[in-house]
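Next up, start_23.pdb (PDB, C-alpha atoms):
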ATOM      1  CA  MET A   5       0.000   0.000   0.000
ATOM      2  CA  ASN A   6       1.452   3.355  -1.081
ATOM      3  CA  ARG A   7       0.658   6.728   0.440
ATOM      4  CA  GLU A   8       1.720  10.263  -0.468
ATOM      5  CA  TYR A   9       1.762  13.476   1.554
ATOM      6  CA  GLU A  10       2.676  17.007   0.486
ATOM      7  CA  LEU A  11       3.786  19.383   3.207
ATOM      8  CA  THR A  12       2.127  22.726   3.892
ATOM      9  CA  ALA A  13       3.745  25.736   5.569
ATOM     10  CA  GLU A  14       1.921  25.008   8.849
ATOM     11  CA  GLU A  15       3.454  21.548   9.032
ATOM     12  CA  SER A  16       7.051  22.612   8.424
ATOM     13  CA  GLY A  17       9.689  21.993  11.077
ATOM     14  CA  GLN A  18       8.311  18.742  12.503
ATOM     15  CA  ARG A  19      10.405  15.595  12.729
ATOM     16  CA  LEU A  20       9.570  13.184   9.945
ATOM     17  CA  ASP A  21       8.411  10.420  12.306
ATOM     18  CA  LYS A  22       6.237  12.794  14.337
ATOM     19  CA  TYR A  23       4.628  14.222  11.216
ATOM     20  CA  LEU A  24       3.855  10.774   9.833
ATOM     21  CA  ALA A  25       2.487   9.629  13.203
ATOM     22  CA  GLY A  26      -0.053  12.443  12.981
ATOM     23  CA  GLU A  27      -1.030  11.495   9.430
ATOM     24  CA  MET A  28      -0.861   7.698   9.647
ATOM     25  CA  THR A  29      -2.886   7.179  12.801
ATOM     26  CA  ASP A  30      -3.370   3.493  12.044
ATOM     27  CA  LEU A  31       0.362   2.853  12.603
ATOM     28  CA  SER A  32       2.420   3.126  15.776
ATOM     29  CA  ARG A  33       5.382   5.486  15.892
ATOM     30  CA  SER A  34       7.714   2.507  16.275
ATOM     31  CA  ARG A  35       6.251   0.963  13.104
ATOM     32  CA  ILE A  36       6.766   4.263  11.257
ATOM     33  CA  LYS A  37      10.372   4.339  12.459
ATOM     34  CA  GLU A  38      10.859   0.819  11.109
ATOM     35  CA  LEU A  39       9.518   1.898   7.705
ATOM     36  CA  VAL A  40      11.865   4.908   7.570
ATOM     37  CA  GLN A  41      14.893   2.835   8.555
ATOM     38  CA  ALA A  42      13.966   0.174   5.980
ATOM     39  CA  GLY A  43      13.959   2.799   3.228
ATOM     40  CA  GLU A  44      10.210   2.550   2.680
ATOM     41  CA  VAL A  45       9.775   6.311   3.251
ATOM     42  CA  LEU A  46      11.043   8.657   0.540
ATOM     43  CA  VAL A  47      11.275  12.434   0.886
ATOM     44  CA  ASN A  48      11.410  14.050  -2.540
ATOM     45  CA  GLY A  49      12.399  10.681  -3.994
ATOM     46  CA  LYS A  50      15.240  10.009  -1.549
ATOM     47  CA  LYS A  51      15.617   7.939   1.606
ATOM     48  CA  SER A  52      15.577   9.968   4.811
ATOM     49  CA  LYS A  53      16.027   9.762   8.582
ATOM     50  CA  VAL A  54      13.378   9.868  11.304
ATOM     51  CA  SER A  55      14.962  13.092  12.631
ATOM     52  CA  TYR A  56      14.635  14.949   9.313
ATOM     53  CA  LYS A  57      12.697  18.215   9.729
ATOM     54  CA  VAL A  58      10.008  18.308   7.070
ATOM     55  CA  GLN A  59       9.673  21.459   4.933
ATOM     56  CA  LYS A  60       6.902  23.129   2.943
ATOM     57  CA  GLY A  61       6.601  21.485  -0.468
ATOM     58  CA  ASP A  62       8.238  18.197   0.538
ATOM     59  CA  LEU A  63       6.658  15.178  -1.131
ATOM     60  CA  ILE A  64       6.665  12.180   1.186
ATOM     61  CA  GLN A  65       5.985   8.738  -0.245
ATOM     62  CA  VAL A  66       5.401   5.790   2.075
ATOM     63  CA  THR A  67       5.238   2.126   1.135
ATOM     64  CA  VAL A  68       3.503   0.111   3.835
ATOM     65  CA  LEU A  69       4.161  -3.590   3.453
ATOM     66  CA  PRO A  70       1.769  -5.908   5.324
ATOM     67  CA  LEU A  71       3.114  -7.446   8.515
ATOM     68  CA  GLU A  72       3.246 -11.187   8.860
ATOM     69  CA  PRO A  73       0.153 -12.437  10.687
ATOM     70  CA  LEU A  74       0.611 -13.084  14.387
ATOM     71  CA  LYS A  75       1.067 -16.722  15.344
ATOM     72  CA  LEU A  76      -0.585 -17.752  18.567
ATOM     73  CA  GLU A  77       1.511 -20.274  20.435
ATOM     74  CA  ALA A  78       1.012 -21.851  23.845
ATOM     75  CA  GLU A  79       3.781 -20.940  26.292
ATOM     76  CA  ASN A  80       4.480 -22.493  29.679
ATOM     77  CA  ILE A  81       4.203 -19.286  31.696
ATOM     78  CA  PRO A  82       2.959 -19.495  35.310
ATOM     79  CA  LEU A  83      -0.561 -18.162  35.874
ATOM     80  CA  ASP A  84      -2.196 -16.958  39.093
ATOM     81  CA  ILE A  85      -5.695 -18.340  38.546
ATOM     82  CA  VAL A  86      -8.126 -17.039  41.154
ATOM     83  CA  TYR A  87     -11.189 -18.923  39.886
ATOM     84  CA  GLU A  88     -12.134 -21.268  37.032
ATOM     85  CA  ASP A  89     -15.216 -23.194  35.921
ATOM     86  CA  GLU A  90     -16.546 -24.533  32.621
ATOM     87  CA  ASP A  91     -17.312 -21.008  31.334
ATOM     88  CA  ILE A  92     -14.757 -18.592  32.728
ATOM     89  CA  ILE A  93     -11.321 -18.044  34.172
ATOM     90  CA  VAL A  94     -10.465 -15.216  36.553
ATOM     91  CA  VAL A  95      -6.746 -14.508  36.505
ATOM     92  CA  ASN A  96      -4.552 -12.170  38.531
ATOM     93  CA  LYS A  97      -2.262 -10.625  35.899
ATOM     94  CA  PRO A  98       1.188  -9.588  37.116
ATOM     95  CA  GLN A  99       2.568  -6.144  36.453
ATOM     96  CA  GLY A 100       4.687  -6.134  33.305
ATOM     97  CA  MET A 101       2.711  -8.751  31.362
ATOM     98  CA  VAL A 102       0.975  -7.795  28.099
ATOM     99  CA  VAL A 103      -2.556  -9.190  27.807
ATOM    100  CA  HIS A 104      -2.545 -10.326  24.169
ATOM    101  CA  PRO A 105      -0.113 -10.524  21.242
ATOM    102  CA  ALA A 106       0.297  -7.447  19.036
ATOM    103  CA  ALA A 107       2.958  -5.797  16.928
ATOM    104  CA  GLY A 108       5.986  -5.404  19.185
ATOM    105  CA  HIS A 109       4.708  -8.058  21.611
ATOM    106  CA  PRO A 110       4.159 -11.226  19.561
ATOM    107  CA  SER A 111       4.709 -13.616  22.474
ATOM    108  CA  HIS A 112       5.089 -14.007  26.264
ATOM    109  CA  THR A 113       1.611 -12.558  26.813
ATOM    110  CA  LEU A 114      -1.287 -13.601  29.027
ATOM    111  CA  VAL A 115      -2.981 -15.194  26.004
ATOM    112  CA  ASN A 116       0.087 -17.343  25.315
ATOM    113  CA  ALA A 117      -0.003 -18.510  28.938
ATOM    114  CA  LEU A 118      -3.750 -19.191  28.790
ATOM    115  CA  LEU A 119      -3.343 -21.297  25.646
ATOM    116  CA  TYR A 120      -0.886 -23.530  27.512
ATOM    117  CA  HIS A 121      -3.320 -23.822  30.423
ATOM    118  CA  THR A 122      -6.375 -24.682  28.292
ATOM    119  CA  ARG A 123      -7.501 -24.921  24.680
ATOM    120  CA  ASP A 124     -11.017 -23.955  25.755
ATOM    121  CA  LEU A 125     -10.952 -20.260  24.996
ATOM    122  CA  ALA A 126     -13.684 -18.347  23.167
ATOM    123  CA  ASP A 127     -12.797 -17.280  19.638
ATOM    124  CA  SER A 128     -12.251 -13.567  19.092
ATOM    125  CA  PRO A 129     -13.160 -11.527  15.994
ATOM    126  CA  GLU A 130      -9.531 -10.388  15.661
ATOM    127  CA  GLY A 131      -8.156 -13.888  16.062
ATOM    128  CA  PHE A 132      -5.292 -12.944  18.388
ATOM    129  CA  ARG A 133      -7.401 -12.331  21.518
ATOM    130  CA  PRO A 134      -9.015 -15.696  22.316
ATOM    131  CA  GLY A 135     -10.951 -15.521  25.555
ATOM    132  CA  ILE A 136     -10.164 -11.868  26.203
ATOM    133  CA  VAL A 137     -13.244  -9.792  27.028
ATOM    134  CA  HIS A 138     -11.527  -6.764  28.564
ATOM    135  CA  ARG A 139      -7.916  -5.903  29.219
ATOM    136  CA  ILE A 140      -5.659  -3.916  31.509
ATOM    137  CA  ASP A 141      -2.406  -2.184  30.588
ATOM    138  CA  LYS A 142       0.932  -3.992  30.639
ATOM    139  CA  ASP A 143       2.113  -2.237  33.808
ATOM    140  CA  THR A 144      -1.250  -2.479  35.585
ATOM    141  CA  SER A 145      -1.657  -5.541  37.781
ATOM    142  CA  GLY A 146      -4.794  -7.351  38.851
ATOM    143  CA  LEU A 147      -7.949  -9.190  37.889
ATOM    144  CA  LEU A 148      -9.226 -10.080  34.435
ATOM    145  CA  MET A 149     -12.156 -12.275  33.409
ATOM    146  CA  VAL A 150     -11.603 -14.663  30.503
ATOM    147  CA  ALA A 151     -14.308 -16.425  28.459
ATOM    148  CA  LYS A 152     -13.901 -20.129  27.658
ATOM    149  CA  ASN A 153     -16.760 -20.356  25.124
ATOM    150  CA  ALA A 154     -18.875 -18.155  22.847
ATOM    151  CA  ALA A 155     -21.889 -18.017  25.184
ATOM    152  CA  ALA A 156     -19.711 -16.890  28.087
ATOM    153  CA  ARG A 157     -18.060 -14.221  25.924
ATOM    154  CA  GLU A 158     -21.451 -12.874  24.862
ATOM    155  CA  SER A 159     -22.708 -12.772  28.451
ATOM    156  CA  LEU A 160     -19.622 -11.023  29.825
ATOM    157  CA  GLU A 161     -19.591  -8.500  26.969
ATOM    158  CA  LYS A 162     -23.262  -7.690  27.609
ATOM    159  CA  GLN A 163     -22.523  -7.138  31.289
ATOM    160  CA  LEU A 164     -19.708  -4.751  30.392
ATOM    161  CA  ALA A 165     -21.979  -2.848  28.000
ATOM    162  CA  ALA A 166     -24.764  -2.675  30.603
ATOM    163  CA  LYS A 167     -22.273  -1.537  33.282
ATOM    164  CA  SER A 168     -23.636  -4.229  35.580
ATOM    165  CA  ASN A 169     -20.278  -5.683  36.567
ATOM    166  CA  LYS A 170     -17.952  -4.389  39.271
ATOM    167  CA  ARG A 171     -14.387  -3.224  38.617
ATOM    168  CA  GLN A 172     -12.506  -1.535  41.441
ATOM    169  CA  TYR A 173      -8.895  -0.374  41.313
ATOM    170  CA  LEU A 174      -6.320   0.864  43.809
ATOM    171  CA  ALA A 175      -4.077   3.716  42.699
ATOM    172  CA  ILE A 176      -1.357   5.860  44.198
ATOM    173  CA  VAL A 177      -1.667   9.362  42.791
ATOM    174  CA  HIS A 178       0.192  12.633  43.083
ATOM    175  CA  GLY A 179      -1.147  15.325  45.409
ATOM    176  CA  ASN A 180      -3.759  15.559  48.143
ATOM    177  CA  PHE A 181      -7.538  16.050  47.986
ATOM    178  CA  ALA A 182      -9.921  18.428  49.697
ATOM    179  CA  GLU A 183     -12.848  16.084  48.995
ATOM    180  CA  GLU A 184     -13.233  12.490  50.176
ATOM    181  CA  GLU A 185     -14.801  11.185  46.979
ATOM    182  CA  GLY A 186     -15.973  12.278  43.561
ATOM    183  CA  THR A 187     -17.013  11.345  40.036
ATOM    184  CA  ILE A 188     -15.163  12.213  36.842
ATOM    185  CA  ASP A 189     -17.524  12.318  33.864
ATOM    186  CA  ALA A 190     -15.384  13.369  30.897
ATOM    187  CA  PRO A 191     -15.248  11.881  27.363
ATOM    188  CA  ILE A 192     -12.028  10.180  26.282
ATOM    189  CA  GLY A 193     -10.566   9.884  22.790
ATOM    190  CA  ARG A 194      -7.232   9.830  21.002
ATOM    191  CA  ASN A 195      -5.031  12.824  21.869
ATOM    192  CA  PRO A 196      -4.909  14.887  18.647
ATOM    193  CA  LYS A 197      -1.422  16.119  19.547
ATOM    194  CA  ASP A 198       0.091  12.727  20.409
ATOM    195  CA  ARG A 199      -1.472   9.522  19.093
ATOM    196  CA  LYS A 200       0.295   7.448  21.768
ATOM    197  CA  GLN A 201      -1.895   9.105  24.350
ATOM    198  CA  MET A 202      -5.580   9.234  25.119
ATOM    199  CA  ALA A 203      -7.063  12.484  26.405
ATOM    200  CA  VAL A 204     -10.268  14.150  27.522
ATOM    201  CA  VAL A 205     -11.628  15.462  24.226
ATOM    202  CA  GLU A 206     -14.964  17.009  23.340
ATOM    203  CA  LYS A 207     -15.887  14.373  20.758
ATOM    204  CA  GLY A 208     -14.520  11.399  22.701
ATOM    205  CA  LYS A 209     -16.482   8.423  23.995
ATOM    206  CA  SER A 210     -18.395   8.706  27.252
ATOM    207  CA  ALA A 211     -16.187   7.838  30.244
ATOM    208  CA  VAL A 212     -17.134   7.823  33.926
ATOM    209  CA  THR A 213     -14.834   7.070  36.875
ATOM    210  CA  HIS A 214     -15.878   7.186  40.540
ATOM    211  CA  PHE A 215     -13.120   7.653  43.104
ATOM    212  CA  LYS A 216     -12.772   7.530  46.889
ATOM    213  CA  VAL A 217      -9.765   8.840  48.803
ATOM    214  CA  LEU A 218      -8.564   6.151  51.236
ATOM    215  CA  GLU A 219      -5.393   7.701  52.699
ATOM    216  CA  GLN A 220      -3.317  10.834  52.184
ATOM    217  CA  TYR A 221       0.435  11.255  52.604
ATOM    218  CA  GLN A 222       2.954  13.982  51.970
ATOM    219  CA  GLY A 223       2.599  14.645  48.243
ATOM    220  CA  TYR A 224       0.637  11.487  47.436
ATOM    221  CA  SER A 225      -2.728   9.831  48.046
ATOM    222  CA  LEU A 226      -4.113   6.298  47.927
ATOM    223  CA  VAL A 227      -7.425   6.206  46.070
ATOM    224  CA  GLU A 228      -9.965   3.578  45.111
ATOM    225  CA  CYS A 229     -11.408   3.971  41.614
ATOM    226  CA  GLN A 230     -14.512   2.270  40.288
ATOM    227  CA  LEU A 231     -15.096   2.112  36.548
ATOM    228  CA  GLU A 232     -18.532   2.750  35.123
ATOM    229  CA  THR A 233     -17.122   2.585  31.588
ATOM    230  CA  GLY A 234     -13.941   0.996  30.254
ATOM    231  CA  ARG A 235     -12.076   3.314  27.911
ATOM    232  CA  THR A 236      -8.394   2.873  27.069
ATOM    233  CA  HIS A 237      -6.225   4.296  29.895
ATOM    234  CA  GLN A 238      -9.404   5.620  31.532
ATOM    235  CA  ILE A 239      -8.217   5.909  35.146
ATOM    236  CA  ARG A 240      -4.802   7.210  34.088
ATOM    237  CA  VAL A 241      -6.347   9.892  31.863
ATOM    238  CA  HIS A 242      -9.115  10.900  34.268
ATOM    239  CA  MET A 243      -6.873  11.237  37.314
ATOM    240  CA  ALA A 244      -4.363  13.310  35.336
ATOM    241  CA  TYR A 245      -7.278  15.425  34.051
ATOM    242  CA  ILE A 246      -8.250  16.448  37.606
ATOM    243  CA  GLY A 247      -4.640  17.201  38.531
ATOM    244  CA  HIS A 248      -3.779  13.919  40.282
ATOM    245  CA  PRO A 249      -1.796  11.787  37.795
ATOM    246  CA  LEU A 250      -0.854   8.276  38.828
ATOM    247  CA  ALA A 251       2.507   7.872  40.503
ATOM    248  CA  GLY A 252       4.984   6.163  38.199
ATOM    249  CA  ASP A 253       2.910   6.767  35.070
ATOM    250  CA  PRO A 254       5.395   7.287  32.207
ATOM    251  CA  LEU A 255       2.741   8.555  29.791
ATOM    252  CA  TYR A 256       0.524  10.899  31.812
ATOM    253  CA  GLY A 257       2.494  11.634  34.969
ATOM    254  CA  PRO A 258       5.458  13.840  35.931
ATOM    255  CA  ARG A 259       9.038  12.622  35.641
ATOM    256  CA  LYS A 260       9.688  13.182  39.328
ATOM    257  CA  THR A 261       7.657  10.423  40.905
ATOM    258  CA  LEU A 262       7.809   7.265  43.028
ATOM    259  CA  PRO A 263      10.283   4.579  41.916
ATOM    260  CA  GLY A 264       8.686   1.454  40.508
ATOM    261  CA  HIS A 265       7.897  -0.402  37.311
ATOM    262  CA  GLY A 266       5.273   1.838  35.762
ATOM    263  CA  GLN A 267       2.036   3.296  37.084
ATOM    264  CA  PHE A 268       0.890   2.283  40.561
ATOM    265  CA  LEU A 269      -2.481   0.915  39.466
ATOM    266  CA  HIS A 270      -4.001  -2.393  40.547
ATOM    267  CA  ALA A 271      -7.286  -4.019  39.491
ATOM    268  CA  LYS A 272      -8.281  -5.078  42.996
ATOM    269  CA  THR A 273     -11.896  -6.275  42.756
ATOM    270  CA  LEU A 274     -13.892  -7.888  39.963
ATOM    271  CA  GLY A 275     -17.548  -8.845  40.170
ATOM    272  CA  PHE A 276     -19.970 -10.221  37.565
ATOM    273  CA  GLU A 277     -22.739 -12.768  36.948
ATOM    274  CA  GLN A 278     -21.684 -16.307  36.094
ATOM    275  CA  PRO A 279     -22.770 -16.679  32.435
ATOM    276  CA  SER A 280     -24.624 -20.004  32.832
ATOM    277  CA  THR A 281     -26.111 -19.805  36.334
ATOM    278  CA  GLY A 282     -26.533 -16.062  36.845
ATOM    279  CA  GLU A 283     -24.828 -16.378  40.247
ATOM    280  CA  TRP A 284     -23.007 -13.228  41.352
ATOM    281  CA  LEU A 285     -19.276 -13.858  41.619
ATOM    282  CA  GLU A 286     -16.877 -11.397  43.230
ATOM    283  CA  PHE A 287     -13.117 -11.651  43.739
ATOM    284  CA  SER A 288     -10.462  -9.436  45.308
ATOM    285  CA  VAL A 289      -6.669  -9.696  45.316
ATOM    286  CA  GLN A 290      -3.945  -7.722  47.053
ATOM    287  CA  PRO A 291      -1.648  -5.485  44.971
ATOM    288  CA  PRO A 292       1.897  -6.660  44.174
ATOM    289  CA  GLU A 293       4.644  -6.433  46.765
ATOM    290  CA  ILE A 294       6.169  -3.226  45.350
ATOM    291  CA  PHE A 295       2.765  -1.511  45.630
ATOM    292  CA  GLN A 296       2.248  -2.684  49.226
ATOM    293  CA  GLN A 297       5.791  -1.700  50.266
ATOM    294  CA  THR A 298       5.402   1.755  48.696
ATOM    295  CA  VAL A 299       2.177   2.330  50.626
ATOM    296  CA  ALA A 300       3.883   1.185  53.834
ATOM    297  CA  ASP A 301       6.731   3.664  53.241
ATOM    298  CA  LEU A 302       4.290   6.490  52.438
ATOM    299  CA  ARG A 303       2.320   5.824  55.639
ATOM    300  CA  LYS A 304       5.321   7.010  57.618
ATOM    301  CA  LYS A 305       4.418  10.469  56.275
ATOM    302  CA  ARG A 306       0.665  10.144  56.507
ATOM    303  CA  VAL A 307      -1.291  13.409  56.760
ATOM    304  CA  LYS A 308      -4.866  12.066  56.928
TER     305      LYS A 308
END
Rewrite the coordinates I just gave you, this time as C-alpha cells.
Amino acid sequence: MNREYELTAEESGQRLDKYLAGEMTDLSRSRIKELVQAGEVLVNGKKSKVSYKVQKGDLIQVTVLPLEPLKLEAENIPLDIVYEDEDIIVVNKPQGMVVHPAAGHPSHTLVNALLYHTRDLADSPEGFRPGIVHRIDKDTSGLLMVAKNAAARESLEKQLAAKSNKRQYLAIVHGNFAEEEGTIDAPIGRNPKDRKQMAVVEKGKSAVTHFKVLEQYQGYSLVECQLETGRTHQIRVHMAYIGHPLAGDPLYGPRKTLPGHGQFLHAKTLGFEQPSTGEWLEFSVQPPEIFQQTVADLRKKRVK
C-alpha cells in the first residue's frame, strides 16, 4: 500500500516520524520508524532519517508492506488463577505482562499462557485475543475475566456494556484532595497532539470514573477507583485530568515520581454474573509487593 503526503507551511519543522504519526494514525510510531529505517519512506524521492525536519513542499511517499500475521503459540508461563469453571477463568495478571499478542509483543503474553493452560478459549473476531473480554495495561496488575466459550463471551460482553459488573482499582496518585470522593464524567478519545496518548476530548467516547480517597500522605494519596465505563487508559487519563496523575505513570504523569515499574495501578476487585447460572461472583486480590511496600513507606508520612 502506497501513500503520499505534500507538506504545507503550517506543518514545516516537525520531525519526519512525528509528522507521519499524525497522518498515519493506524500505525504506531515505532512501526513508522521501522519503515523509515527500511527505506520505505522517501522524501522528494530520496531515503531519509526519522529526525529529518520536514519542509513546505516536501513530497513524502510511504510504502507500507503488510506485517506477517501473528502466530498464537502456547507458552508455559505461570498463571495466578483465582477462579475457574466450565465457562470462565479469573486470573490475577502480574505487572509487566501484556494481555494479548500485538505488533511489538508477539509472544510471552497472558494469552500465550492461557493457551498452555487450556484450549477452551472463546474465539475472538480479531483472532489474536481468544478468551479476552476486557484488558488492563501492561504495567497495571490485577484481575481479568476470561471467556472459555462463545456463550460466556457474549454474556460477559453484555454485562460490560450494561455496566452491571464491578471493577474496582487501587491507585497511588500525586497530590492531596480536599474532597473524600468524587465522580469524573469526561469523554475520552485519542489525543490529537500525540497519538500514543488518550485524552479528555470534546468528541470522545463517554467515560465515567468514581473515586474515593482512602489515605493521604505527603505529596501522594491512595485512592480507590470504580469504573462505570472501560475506555483505554481511563483511570490514568481521568486522574491526570483532575490534577492527580498516577505515581509512576510514564505517559501521563510527571518525571519526578515514586520509583517502581510503571504506574501504581491495581485491578483489585472484579464482580460479575456467572454466564450459565446467573450467580453473582466477586473476587479481590492484594496489589503486588512493590505496591504494598510503597504504601507502607508512604504511611510514615501520613497526613490524613
Q) Need the neighbours of (-15.5, 13.6, 45.4): which residues are at most 10 Å away, counting only C-alpha atoms, as a VMD selection string? A) chain A and resid 181 to 188 214 to 217
If you count all atoms listed in the file, the residue of A:Cys229, A:Val86, A:Val307, A:Leu69 closest to Val177 in chain A turns out to be A:Cys229
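Picture a line from CA of Asp62 in chain A to CA of Ser16 in chain A; it runs 9.1 Å.
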List the residues selected by the PyMOL selection byres ((chain A and resi 240) around 8) in the file shown, writing them as a list in words.
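In the shown coordinates, the PyMOL selection byres ((chain A and resi 240) around 8) covers His237, Gln238, Ile239, Val241, His242, Met243, Ala244, Pro249, Leu250, Asp253 and Tyr256 of chain A.
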Using all atoms listed in the file, the shortest atom-to-atom distance to Gln290 in chain A among A:Pro98, A:Gly234, A:Gly179, A:Gly135 belongs to A:Pro98
- Query: For the atom pair CA of His104 in chain A and CA of Asp143 in chain A, what is the interatomic distance in Å to one decimal place?
  - Reply: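 Separation of CA of His104 in chain A and CA of Asp143 in chain A: 13.4 Å.
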Pick from A:Pro292, A:Gly282, A:Gly100, A:Gly275, whichever lies nearest to Lys167 in chain A using only C-alpha atoms: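 The shortest atom-to-atom distance to Lys167 in chain A comes from A:Gly275.
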